[in-house]
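Listing of work04.txt, compact mmCIF, C-alpha atoms
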```
# COMPACT_ATOMS: atom_id res chain seq x y z
CA MET S 12 0.00 0.00 0.00
CA ILE S 13 2.74 2.46 0.94
CA GLU S 14 4.47 1.67 -2.35
CA LEU S 15 1.32 2.69 -4.23
CA ILE S 16 1.00 5.96 -2.31
CA LEU S 17 4.69 6.76 -2.83
CA SER S 18 4.32 6.08 -6.57
CA TRP S 19 1.49 8.65 -6.72
CA LEU S 20 3.71 11.19 -4.98
CA LYS S 21 6.90 10.49 -6.97
CA ASP S 22 6.71 13.67 -9.07
CA ILE S 23 6.08 15.96 -6.08
CA PRO S 24 9.15 17.40 -4.32
CA LYS S 25 10.03 15.20 -1.35
CA GLU S 26 9.92 18.18 1.03
CA LEU S 27 6.32 18.85 0.05
CA VAL S 28 5.43 15.16 0.45
CA VAL S 29 6.81 15.22 4.02
CA MET S 30 4.71 18.31 4.77
CA ILE S 31 1.58 16.75 3.25
CA VAL S 32 2.03 13.53 5.23
CA GLY S 33 2.58 15.66 8.36
CA ALA S 34 -0.67 17.50 7.69
CA LEU S 35 -2.80 14.37 7.25
CA PRO S 36 -4.98 13.40 10.21
CA ILE S 37 -3.89 9.76 10.42
CA SER S 38 -0.15 9.97 9.79
CA GLU S 39 0.80 13.41 11.16
CA LEU S 40 4.38 13.49 12.52
CA ARG S 41 4.40 9.77 13.17
CA GLY S 42 4.45 9.21 9.43
CA ALA S 43 6.17 12.34 8.15
CA ILE S 44 9.41 12.07 10.12
CA PRO S 45 10.19 8.42 9.27
CA LEU S 46 9.24 9.15 5.64
CA GLY S 47 11.62 12.13 5.43
CA LEU S 48 14.39 10.02 6.94
CA TYR S 49 13.57 7.25 4.45
CA TYR S 50 14.03 9.83 1.69
CA GLY S 51 17.52 10.52 3.10
CA MET S 52 16.84 14.07 4.26
CA PRO S 53 18.75 15.46 7.24
CA LEU S 54 16.90 15.09 10.54
CA GLY S 55 16.72 18.85 11.24
CA LYS S 56 15.09 19.53 7.88
CA VAL S 57 12.68 16.61 8.28
CA PHE S 58 11.72 17.77 11.77
CA CYS S 59 10.96 21.35 10.60
CA LEU S 60 8.97 20.20 7.54
CA ALA S 61 6.96 17.66 9.55
CA VAL S 62 6.15 20.14 12.34
CA LEU S 63 5.19 22.83 9.82
CA GLY S 64 3.01 20.36 7.91
CA ASN S 65 1.34 19.22 11.13
CA LEU S 66 0.60 22.82 12.16
CA ILE S 67 -0.76 24.08 8.80
CA PRO S 68 -4.30 22.70 9.38
CA VAL S 69 -4.51 23.92 13.01
CA ILE S 70 -5.92 27.42 12.44
CA PRO S 71 -8.52 26.58 9.76
CA VAL S 72 -9.63 23.37 11.47
CA PHE S 73 -9.97 25.10 14.85
CA PHE S 74 -12.37 27.68 13.44
CA LEU S 75 -14.15 25.50 10.88
CA LEU S 76 -14.60 22.14 12.62
CA GLU S 77 -17.68 23.07 14.62
CA PRO S 78 -19.58 25.01 11.91
CA ILE S 79 -18.82 22.42 9.24
CA SER S 80 -19.75 19.50 11.50
CA GLN S 81 -23.03 21.24 12.40
CA ARG S 82 -23.92 21.71 8.73
CA LEU S 83 -22.92 18.18 7.73
CA ARG S 84 -24.90 16.66 10.63
CA LYS S 85 -28.04 17.29 8.57
CA PHE S 86 -27.03 14.17 6.64
CA LYS S 87 -27.40 10.90 8.54
CA ILE S 88 -24.03 9.45 7.55
CA TRP S 89 -22.16 12.61 8.64
CA ALA S 90 -24.17 12.85 11.85
CA ARG S 91 -23.08 9.30 12.73
CA PHE S 92 -19.48 10.06 11.81
CA PHE S 93 -19.26 13.24 13.92
CA ASP S 94 -21.10 11.64 16.85
CA TRP S 95 -18.61 8.77 16.76
CA PHE S 96 -15.60 11.09 16.31
CA PHE S 97 -16.51 13.51 19.08
CA GLU S 98 -17.55 10.72 21.46
CA ARG S 99 -14.26 8.90 20.86
CA THR S 100 -12.37 12.16 21.40
CA LYS S 101 -14.20 12.75 24.71
CA LYS S 102 -13.27 9.26 25.92
CA LYS S 103 -9.60 9.80 25.10
CA ALA S 104 -9.46 13.32 26.51
CA GLU S 105 -9.63 12.93 30.30
CA LEU S 106 -6.25 14.66 30.53
CA ILE S 107 -7.62 17.67 28.67
CA GLN S 108 -10.77 17.85 30.80
CA LYS S 109 -8.68 17.85 33.95
CA TYR S 110 -5.80 20.17 32.99
CA GLU S 111 -7.27 22.11 30.02
CA ALA S 112 -4.50 23.72 27.88
CA LEU S 113 -1.67 21.95 29.72
CA GLY S 114 -3.53 18.65 29.33
CA LEU S 115 -4.08 19.44 25.66
CA MET S 116 -0.34 19.94 25.20
CA MET S 117 0.45 16.63 26.94
CA PHE S 118 -2.27 14.85 24.93
CA VAL S 119 -0.90 16.10 21.61
CA ALA S 120 2.71 15.38 22.67
CA ILE S 121 2.09 11.64 23.04
CA PRO S 122 2.93 10.26 19.57
CA LEU S 123 0.41 7.43 19.54
CA PRO S 124 -2.59 6.88 17.27
CA VAL S 125 -5.51 9.20 18.12
CA THR S 126 -3.43 11.64 20.19
CA GLY S 127 -2.07 14.13 17.66
CA ALA S 128 -2.91 17.67 16.60
CA TRP S 129 -6.14 16.69 14.80
CA THR S 130 -7.67 14.95 17.81
CA GLY S 131 -6.31 17.76 20.00
CA LEU S 132 -8.17 20.24 17.80
CA ALA S 133 -11.38 18.28 18.19
CA ALA S 134 -10.88 18.18 21.96
CA ALA S 135 -10.11 21.90 22.11
CA THR S 136 -13.35 22.56 20.23
CA LEU S 137 -15.36 20.19 22.45
CA PHE S 138 -14.00 21.62 25.69
CA LYS S 139 -14.21 25.23 24.48
CA ILE S 140 -10.52 26.04 25.01
CA ARG S 141 -9.82 29.54 23.71
CA PHE S 142 -7.88 29.67 20.45
CA LYS S 143 -4.69 31.31 21.74
CA TYR S 144 -4.34 28.74 24.56
CA ALA S 145 -5.27 25.87 22.26
CA PHE S 146 -2.81 26.99 19.58
CA ILE S 147 0.09 27.38 22.01
CA ALA S 148 -0.72 24.00 23.60
CA ILE S 149 -1.03 22.22 20.25
CA PHE S 150 2.14 23.89 18.94
CA ALA S 151 4.13 22.81 22.01
CA GLY S 152 2.62 19.31 21.87
CA VAL S 153 3.51 18.94 18.19
CA VAL S 154 7.10 20.01 18.85
CA ILE S 155 7.43 17.56 21.76
CA ALA S 156 5.88 14.76 19.70
CA GLY S 157 8.28 15.64 16.87
CA ILE S 158 11.25 15.34 19.21
CA ILE S 159 10.03 11.97 20.50
CA VAL S 160 9.36 10.61 17.00
CA SER S 161 12.73 11.93 15.78
CA ILE S 162 14.57 10.20 18.62
CA LEU S 163 12.68 6.93 18.13
CA SER S 164 13.15 7.03 14.35
CA THR S 165 16.85 7.75 14.68
CA LEU S 166 17.28 4.94 17.21
CA GLY S 167 15.34 2.63 14.89
CA ILE S 168 17.59 3.48 11.95
CA MET S 169 20.71 3.00 14.08
CA GLY S 170 19.37 -0.33 15.33
CA TRP S 171 18.54 -1.44 11.80
CA GLU S 172 22.05 -0.58 10.61
CA VAL S 173 23.53 -2.64 13.45
CA ILE S 174 21.33 -5.62 12.53
CA VAL S 175 22.10 -5.35 8.80
CA HIS S 176 25.88 -4.97 9.24
```
In structure tokens, write the structure found in this file.
Amino acid sequence: MIELILSWLKDIPKELVVMIVGALPISELRGAIPLGLYYGMPLGKVFCLAVLGNLIPVIPVFFLLEPISQRLRKFKIWARFFDWFFERTKKKAELIQKYEALGLMMFVAIPLPVTGAWTGLAAATLFKIRFKYAFIAIFAGVVIAGIIVSILSTLGIMGWEVIVH
């Protein structure tokens, strides 16, 4: 599957591909940083591109998630999707409920599935965290997650080289 996706993206500059993967809700930094390293880019460049890509959707999604979800809820399939999405976010967001912006930062900083900037944005919307606090918290969480993923990816590459040689 990844081969197919990479073949679609082969004519796009690799830097832009890393940013796009960083901006996607499923992959975010967890996919962008290893991909950039796979492409042979220096870690510092990969880190900056992945963080920037992950942050690009933050402002529009923060302000558009609620109004768009309200409009789309008029259709049964979208109503089910948003009910499921927001309910799942609430279940995963005890940290945010308890500590608000600080909890949001910690939630986003954990580089596991369903804990990135996109879910953090949904939680910030659900718990009515003001934009400036939400943005700072998500920004800090993305940077921390980027550092963690960079370290783990680098250690993984080093471990792989030891195994191969």
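Minimum distance to Phe138 of chain S across S:Val160, S:Ile107, S:Ala61, S:Leu75 (counting only C-alpha atoms) occurs at S:Ile107.
For the pair atom CA of Phe93 of chain S and atom CA of Ile37 of chain S, the interatomic distance is 16.1 Å.
Pairwise distance (atom CA of Tyr144 of chain S, atom CA of Met117 of chain S) equals 13.2 Å.
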With 3 Å added on each side, what axis-aligned box encloses every listed atom of segment 25-43 of chain S? Give the centre and edge lengths in Å to one decimal, as lines of an AutoDock Vina configuration file.
```
center_x = 2.5
center_y = 14.0
center_z = 5.9
size_x = 21.0
size_y = 15.6
size_z = 20.5
```
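For the set S:Ile155, S:Ala34, S:Ala120, S:Ala135, the residue with the smallest atom-to-atom gap to Leu76 of chain S is S:Ala135, counting only C-alpha atoms.
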>> Show me, as a list in words, the residues that have an atom within 9 Å of Ala156 of chain S when counting all atoms listed in the file, minus same-chain residues fewer than 4 positions from it.
In response: Leu40, Arg41, Val119, Ala120, Ile121, Pro122, Gly127, Ala151, Gly152, Val160 and Ser161 of chain S
Could you save the residues just selected, with C-alpha atoms, as an mmCIF file, in the coordinates of the input?
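Contents of again.cif, as written:
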```cif
data_model
loop_
_atom_site.group_PDB
_atom_site.id
_atom_site.type_symbol
_atom_site.label_atom_id
_atom_site.label_comp_id
_atom_site.auth_asym_id
_atom_site.auth_seq_id
_atom_site.Cartn_x
_atom_site.Cartn_y
_atom_site.Cartn_z
ATOM 1 C CA LEU S 40 4.380 13.490 12.520
ATOM 2 C CA ARG S 41 4.400 9.770 13.170
ATOM 3 C CA VAL S 119 -0.900 16.100 21.610
ATOM 4 C CA ALA S 120 2.710 15.380 22.670
ATOM 5 C CA ILE S 121 2.090 11.640 23.040
ATOM 6 C CA PRO S 122 2.930 10.260 19.570
ATOM 7 C CA GLY S 127 -2.070 14.130 17.660
ATOM 8 C CA ALA S 151 4.130 22.810 22.010
ATOM 9 C CA GLY S 152 2.620 19.310 21.870
ATOM 10 C CA VAL S 160 9.360 10.610 17.000
ATOM 11 C CA SER S 161 12.730 11.930 15.780
#
```
> So how many Å separate atom CA of Ala112 of chain S and atom CA of Ala133 of chain S, to one decimal?
Replying inline: 13.1 Å
> Using all atoms listed in the file, which residues sit within 12 Å of Leu27 of chain S once same-chain residues fewer than 6 positions away are excluded, as a list in words?
Replying inline: Leu20, Lys21, Gly33, Ala34, Ala43, Leu46, Gly47, Tyr50, Lys56, Val57, Cys59, Leu60, Ala61, Leu63 and Gly64 of chain S
>> Using only C-alpha atoms for the distances, tell me which of S:Trp19, S:Phe73, S:Phe58, S:Trp129 is nearest to Ser38 of chain S.
In response: S:Trp129
> Got a sec to check which residues sit within 10 Å of (-14.9, 22.8, 15.1), counting all atoms listed in the file, and write them as a ChimeraX atom specification?
Replying inline: /S:71-81,132-137,139
>> Between S:Gly42, S:Pro36, S:Pro24, S:Pro53, which residue has the minimum interatomic distance to Thr126 of chain S, considering only C-alpha atoms?
In response: S:Pro36
> Looking at only C-alpha atoms, which of S:Thr130, S:Thr165, S:Asn65, S:Ser18 is the one that sits closest to Arg99 of chain S?
Replying inline: S:Thr130
> Which one of S:Leu15, S:Val153, S:Ala145, S:Val32 sits closest to Ala128 of chain S if you count all atoms listed in the file?
Replying inline: S:Val153
